[in-house]
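In what follows, a single structure is set out as C-alpha cells and then discussed.
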Amino acid sequence: YREVEHDDCVRVDNILGVQPTTDNRLLLFMENHNVLAASLDRECTARAFYSGFYVERNDDGRLCVRRDLLQSRAGTSCSVEQLTRLVAANN
C-alpha cells in the first residue's frame with residue numbers, strides 16, 4: 001500500500017471501525033471501503049484506542065484534523081494531526 005493525501009475532515013457516520021497500528025496511527029475503516037490512516041498528536045498512544053473512540057459531535061457531523069478530540073474508552077484524549085488514504089500500490 002501507499003498513502004495519498006486526503007481531505008482534513010471525514011463524516012463521523014461513515015467510520016465503521018478503527019484499528020491502532022504499531023507506528024502510532026489509527027486505521028479508520030470507512031463505509032465506502034476506503035481505509036484512512038489518522039496520525040495522532042505526539043503525546044498520544046494509538047494503543048489506547050484499541051476498543052474504539054468517541055468524538056463530540058459538531059454541527060457539521062465531521063471529524064477534522066487539529067479541530068476535534070478523539071476520546072478513547074480508557075479516557076485518553078487526542079487530536080488527529082493528519083489524514084491520509086491507503087491505496088493499493090502498483091508494482
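Each chain of the C-alpha cells is named A, B, ... in the order shown, its residues numbered from 1; ligands are numbered from 1 in display order.
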Residues within 8 Å of Ile15 of chain A, only C-alpha atoms, excluding chain neighbours under 6 positions, as a list in words: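 Final neighbour list, sorted by chain and number: Leu28, Phe29, Met30 and Glu31 of chain A.
Atom to atom, atom CA of Glu3 of chain A and atom CA of Gly75 of chain A stand 29.5 Å apart.
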List every residue of segment 11-75 of chain A that has an atom at most 7 Å from any atom of segment 85-90 of chain A, giving for each one its closest atom pair and the distance in Å to one decimal, counting only C-alpha atoms, sorted by chain and then by ascending residue number, as JSON lines.
```
{"residue": "A:Val35", "atom": "CA", "partner": "A:Leu86", "partner_atom": "CA", "distance": 5.7}
{"residue": "A:Leu36", "atom": "CA", "partner": "A:Arg85", "partner_atom": "CA", "distance": 4.4}
{"residue": "A:Ala37", "atom": "CA", "partner": "A:Arg85", "partner_atom": "CA", "distance": 6.1}
```
Selection to disk with all heavy atoms, as a short mmCIF file (atom, residue, chain, number, x, y, z; two decimals), in the first residue's frame:
```
data_model
loop_
_atom_site.label_atom_id
_atom_site.label_comp_id
_atom_site.auth_asym_id
_atom_site.auth_seq_id
_atom_site.Cartn_x
_atom_site.Cartn_y
_atom_site.Cartn_z
N VAL A 35 -9.73 2.99 3.34
CA VAL A 35 -9.04 2.88 4.63
C VAL A 35 -8.20 4.14 4.78
O VAL A 35 -7.38 4.46 3.90
CB VAL A 35 -8.14 1.62 4.70
CG1 VAL A 35 -7.40 1.57 6.03
CG2 VAL A 35 -8.97 0.36 4.50
N LEU A 36 -8.42 4.86 5.87
CA LEU A 36 -7.68 6.08 6.14
C LEU A 36 -6.71 5.83 7.29
O LEU A 36 -7.01 5.06 8.21
CB LEU A 36 -8.62 7.22 6.52
CG LEU A 36 -9.74 7.55 5.54
CD1 LEU A 36 -10.56 8.72 6.07
CD2 LEU A 36 -9.20 7.86 4.17
N ALA A 37 -5.57 6.50 7.25
CA ALA A 37 -4.61 6.47 8.36
C ALA A 37 -4.68 7.82 9.05
O ALA A 37 -4.48 8.86 8.42
CB ALA A 37 -3.21 6.19 7.84
#
```
Pick out the closest residue to Glu5 of chain A from this set: A:Ala38, A:Ala46, A:Leu69, A:Cys78. Count only C-alpha atoms.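 Of A:Ala38, A:Ala46, A:Leu69, A:Cys78, the one nearest Glu5 of chain A is A:Ala38, counting only C-alpha atoms.
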From a DSSP calculation on the backbone, collect every residue of chain A in strand (DSSP E) and output the set as a PyMOL selection string. chain A and resi 2-5+9-11+15-20+25-30+35-40+53-55+62-64+69-72+77-87
Hey, which of A:Asp23, A:Glu56, A:Asp7, A:Glu43 ends up closest to Asp68 of chain A? Count only C-alpha atoms.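 With only C-alpha atoms as the atom set, the closest residue is A:Glu56.
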Sel. of helix (DSSP H, G or I) residues, chain A, as a list of chain:residue names: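 Checking each residue of chain A, the helix (DSSP H, G or I) ones are A:Val12, A:Asp13, A:Asn14, A:Ala46, A:Arg47, A:Ala48, A:Phe49.
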Generate the output file for the selected residues, N, CA, C and O atoms, as a tab-separated table (two decimals), in the first residue's frame.
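Output file again-v7.tsv is given in full below:
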```tsv
chain	number	residue	atom	x	y	z
A	12	VAL	N	-18.23	11.49	10.52
A	12	VAL	CA	-18.14	10.52	11.62
A	12	VAL	C	-19.04	9.31	11.34
A	12	VAL	O	-18.65	8.17	11.59
A	13	ASP	N	-20.21	9.54	10.77
A	13	ASP	CA	-21.15	8.45	10.49
A	13	ASP	C	-20.59	7.46	9.48
A	13	ASP	O	-21.10	6.34	9.37
A	14	ASN	N	-19.58	7.83	8.71
A	14	ASN	CA	-19.01	6.94	7.69
A	14	ASN	C	-17.89	6.05	8.22
A	14	ASN	O	-17.39	5.21	7.49
A	46	ALA	N	-1.59	5.25	20.18
A	46	ALA	CA	-2.69	4.64	19.43
A	46	ALA	C	-3.26	3.43	20.15
A	46	ALA	O	-4.46	3.14	20.04
A	47	ARG	N	-2.44	2.72	20.92
A	47	ARG	CA	-2.92	1.53	21.66
A	47	ARG	C	-4.09	1.86	22.58
A	47	ARG	O	-4.91	0.99	22.87
A	48	ALA	N	-4.18	3.09	23.05
A	48	ALA	CA	-5.28	3.48	23.93
A	48	ALA	C	-6.63	3.40	23.23
A	48	ALA	O	-7.67	3.39	23.89
A	49	PHE	N	-6.62	3.31	21.90
A	49	PHE	CA	-7.85	3.31	21.13
A	49	PHE	C	-8.20	1.93	20.59
A	49	PHE	O	-8.96	1.80	19.63
```
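Of the residues under consideration (A:Arg25, A:Asn32, A:Gly17, A:Leu40), A:Gly17 shows the shortest atom-to-atom contact distance to Phe53 of chain A when counting only C-alpha atoms.
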Find the spatial neighbours of Arg11 of chain A, counting only C-alpha atoms, within a cut-off of 7 Å - ignore same-chain residues fewer than 3 positions away - and output them as a list in words.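 The contact residues come out as Asn14, Gly61, Arg62 and Leu63 of chain A.
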Emit the selected residues as a compact mmCIF listing (two decimals), in the first residue's frame, including all heavy atoms.
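Saved as selection_36.txt:
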```txt
# COMPACT_ATOMS: atom_id res chain seq x y z
N ASN A 14 -19.58 7.83 8.71
CA ASN A 14 -19.01 6.94 7.69
C ASN A 14 -17.89 6.05 8.22
O ASN A 14 -17.39 5.21 7.49
CB ASN A 14 -18.49 7.75 6.51
CG ASN A 14 -19.61 8.42 5.74
OD1 ASN A 14 -20.78 8.08 5.90
ND2 ASN A 14 -19.27 9.38 4.91
N GLY A 61 -21.12 17.31 11.71
CA GLY A 61 -21.06 15.86 11.75
C GLY A 61 -19.74 15.27 11.27
O GLY A 61 -19.68 14.10 10.93
N ARG A 62 -18.69 16.09 11.25
CA ARG A 62 -17.41 15.63 10.73
C ARG A 62 -16.34 15.60 11.82
O ARG A 62 -16.41 16.32 12.79
CB ARG A 62 -16.95 16.54 9.58
CG ARG A 62 -17.94 16.57 8.44
CD ARG A 62 -17.50 17.38 7.26
NE ARG A 62 -16.97 18.69 7.60
CZ ARG A 62 -16.20 19.40 6.81
NH1 ARG A 62 -15.86 18.96 5.62
NH2 ARG A 62 -15.76 20.58 7.19
N LEU A 63 -15.35 14.75 11.59
CA LEU A 63 -14.13 14.70 12.39
C LEU A 63 -13.05 15.38 11.56
O LEU A 63 -12.79 14.98 10.42
CB LEU A 63 -13.74 13.25 12.66
CG LEU A 63 -12.35 13.00 13.24
CD1 LEU A 63 -12.23 13.58 14.63
CD2 LEU A 63 -12.04 11.51 13.26
```
What is the atom CA of Glu81 of chain A-atom CA of Thr45 of chain A distance in Å, reported with one decimal? 13.1 Å
Quick one: residues within 10 Å of Ser51 of chain A, only C-alpha atoms, excluding same-chain residues fewer than 5 positions away - as a ChimeraX atom specification? /A:17-20,72-74
Can those selected residues be exported to a file as a PDB file, in the first residue's frame so that it contains all heavy atoms?
```pdb
ATOM      1  N   GLY A  17     -15.090   1.255  11.562  1.00  0.00           N
ATOM      2  CA  GLY A  17     -14.215   0.580  12.508  1.00  0.00           C
ATOM      3  C   GLY A  17     -12.887   1.292  12.620  1.00  0.00           C
ATOM      4  O   GLY A  17     -12.548   2.145  11.811  1.00  0.00           O
ATOM      5  N   VAL A  18     -12.135   0.904  13.649  1.00  0.00           N
ATOM      6  CA  VAL A  18     -10.830   1.517  13.903  1.00  0.00           C
ATOM      7  C   VAL A  18      -9.867   0.443  14.393  1.00  0.00           C
ATOM      8  O   VAL A  18     -10.276  -0.506  15.069  1.00  0.00           O
ATOM      9  CB  VAL A  18     -10.947   2.663  14.930  1.00  0.00           C
ATOM     10  CG1 VAL A  18     -11.454   2.162  16.271  1.00  0.00           C
ATOM     11  CG2 VAL A  18      -9.631   3.391  15.098  1.00  0.00           C
ATOM     12  N   GLN A  19      -8.598   0.599  14.008  1.00  0.00           N
ATOM     13  CA  GLN A  19      -7.561  -0.324  14.459  1.00  0.00           C
ATOM     14  C   GLN A  19      -6.276   0.459  14.689  1.00  0.00           C
ATOM     15  O   GLN A  19      -5.810   1.163  13.797  1.00  0.00           O
ATOM     16  CB  GLN A  19      -7.321  -1.410  13.415  1.00  0.00           C
ATOM     17  CG  GLN A  19      -6.246  -2.386  13.805  1.00  0.00           C
ATOM     18  CD  GLN A  19      -6.060  -3.456  12.739  1.00  0.00           C
ATOM     19  OE1 GLN A  19      -6.905  -3.662  11.891  1.00  0.00           O
ATOM     20  NE2 GLN A  19      -4.929  -4.113  12.795  1.00  0.00           N
ATOM     21  N   PRO A  20      -5.677   0.359  15.886  1.00  0.00           N
ATOM     22  CA  PRO A  20      -4.392   1.019  16.119  1.00  0.00           C
ATOM     23  C   PRO A  20      -3.272   0.298  15.367  1.00  0.00           C
ATOM     24  O   PRO A  20      -3.353  -0.910  15.123  1.00  0.00           O
ATOM     25  CB  PRO A  20      -4.197   0.926  17.630  1.00  0.00           C
ATOM     26  CG  PRO A  20      -5.073  -0.180  18.081  1.00  0.00           C
ATOM     27  CD  PRO A  20      -6.174  -0.319  17.078  1.00  0.00           C
ATOM     28  N   SER A  72     -10.726   8.092  23.917  1.00  0.00           N
ATOM     29  CA  SER A  72     -10.699   6.629  23.997  1.00  0.00           C
ATOM     30  C   SER A  72     -11.620   6.170  25.118  1.00  0.00           C
ATOM     31  O   SER A  72     -11.956   6.931  26.025  1.00  0.00           O
ATOM     32  CB  SER A  72      -9.275   6.128  24.254  1.00  0.00           C
ATOM     33  OG  SER A  72      -8.937   6.275  25.613  1.00  0.00           O
ATOM     34  N   ARG A  73     -11.997   4.908  25.073  1.00  0.00           N
ATOM     35  CA  ARG A  73     -12.838   4.351  26.134  1.00  0.00           C
ATOM     36  C   ARG A  73     -12.078   4.270  27.454  1.00  0.00           C
ATOM     37  O   ARG A  73     -12.674   4.166  28.508  1.00  0.00           O
ATOM     38  CB  ARG A  73     -13.361   2.987  25.721  1.00  0.00           C
ATOM     39  CG  ARG A  73     -14.292   3.086  24.532  1.00  0.00           C
ATOM     40  CD  ARG A  73     -14.726   1.712  24.044  1.00  0.00           C
ATOM     41  NE  ARG A  73     -15.396   1.817  22.778  1.00  0.00           N
ATOM     42  CZ  ARG A  73     -16.713   1.784  22.618  1.00  0.00           C
ATOM     43  NH1 ARG A  73     -17.486   1.668  23.671  1.00  0.00           N
ATOM     44  NH2 ARG A  73     -17.247   1.879  21.428  1.00  0.00           N
ATOM     45  N   ALA A  74     -10.737   4.352  27.375  1.00  0.00           N
ATOM     46  CA  ALA A  74      -9.899   4.333  28.576  1.00  0.00           C
ATOM     47  C   ALA A  74      -9.706   5.728  29.159  1.00  0.00           C
ATOM     48  O   ALA A  74      -9.066   5.890  30.180  1.00  0.00           O
ATOM     49  CB  ALA A  74      -8.545   3.715  28.246  1.00  0.00           C
TER      50      ALA A  74
END
```
List the neighbours of Asp8 of chain A out to 8 Å using only C-alpha atoms; skip same-chain residues closer than 3 positions along the sequence, and give me the result as a short mmCIF file (atom, residue, chain, number, x, y, z; two decimals) with all heavy atoms, in the first residue's frame.
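Contents of around_7.cif, as written:
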```cif
data_model
loop_
_atom_site.label_atom_id
_atom_site.label_comp_id
_atom_site.auth_asym_id
_atom_site.auth_seq_id
_atom_site.Cartn_x
_atom_site.Cartn_y
_atom_site.Cartn_z
N CYS A 64 -12.45 16.43 12.12
CA CYS A 64 -11.49 17.22 11.34
C CYS A 64 -10.12 17.27 12.03
O CYS A 64 -10.03 17.29 13.26
CB CYS A 64 -12.00 18.64 11.13
SG CYS A 64 -13.47 18.73 10.10
N VAL A 65 -9.09 17.31 11.19
CA VAL A 65 -7.70 17.41 11.64
C VAL A 65 -7.53 18.67 12.48
O VAL A 65 -8.03 19.74 12.12
CB VAL A 65 -6.77 17.42 10.40
CG1 VAL A 65 -5.35 17.78 10.79
CG2 VAL A 65 -6.83 16.10 9.68
N GLN A 82 -3.12 14.41 11.04
CA GLN A 82 -3.13 14.24 9.58
C GLN A 82 -3.98 13.04 9.21
O GLN A 82 -4.03 12.06 9.94
CB GLN A 82 -1.71 14.03 9.06
CG GLN A 82 -1.63 13.90 7.56
CD GLN A 82 -0.21 13.66 7.07
OE1 GLN A 82 0.65 13.20 7.83
NE2 GLN A 82 0.04 13.98 5.83
N LEU A 83 -4.66 13.14 8.07
CA LEU A 83 -5.40 12.02 7.50
C LEU A 83 -4.83 11.71 6.12
O LEU A 83 -4.63 12.63 5.31
CB LEU A 83 -6.88 12.36 7.34
CG LEU A 83 -7.73 12.41 8.60
CD1 LEU A 83 -9.12 12.96 8.27
CD2 LEU A 83 -7.85 11.04 9.23
#
```
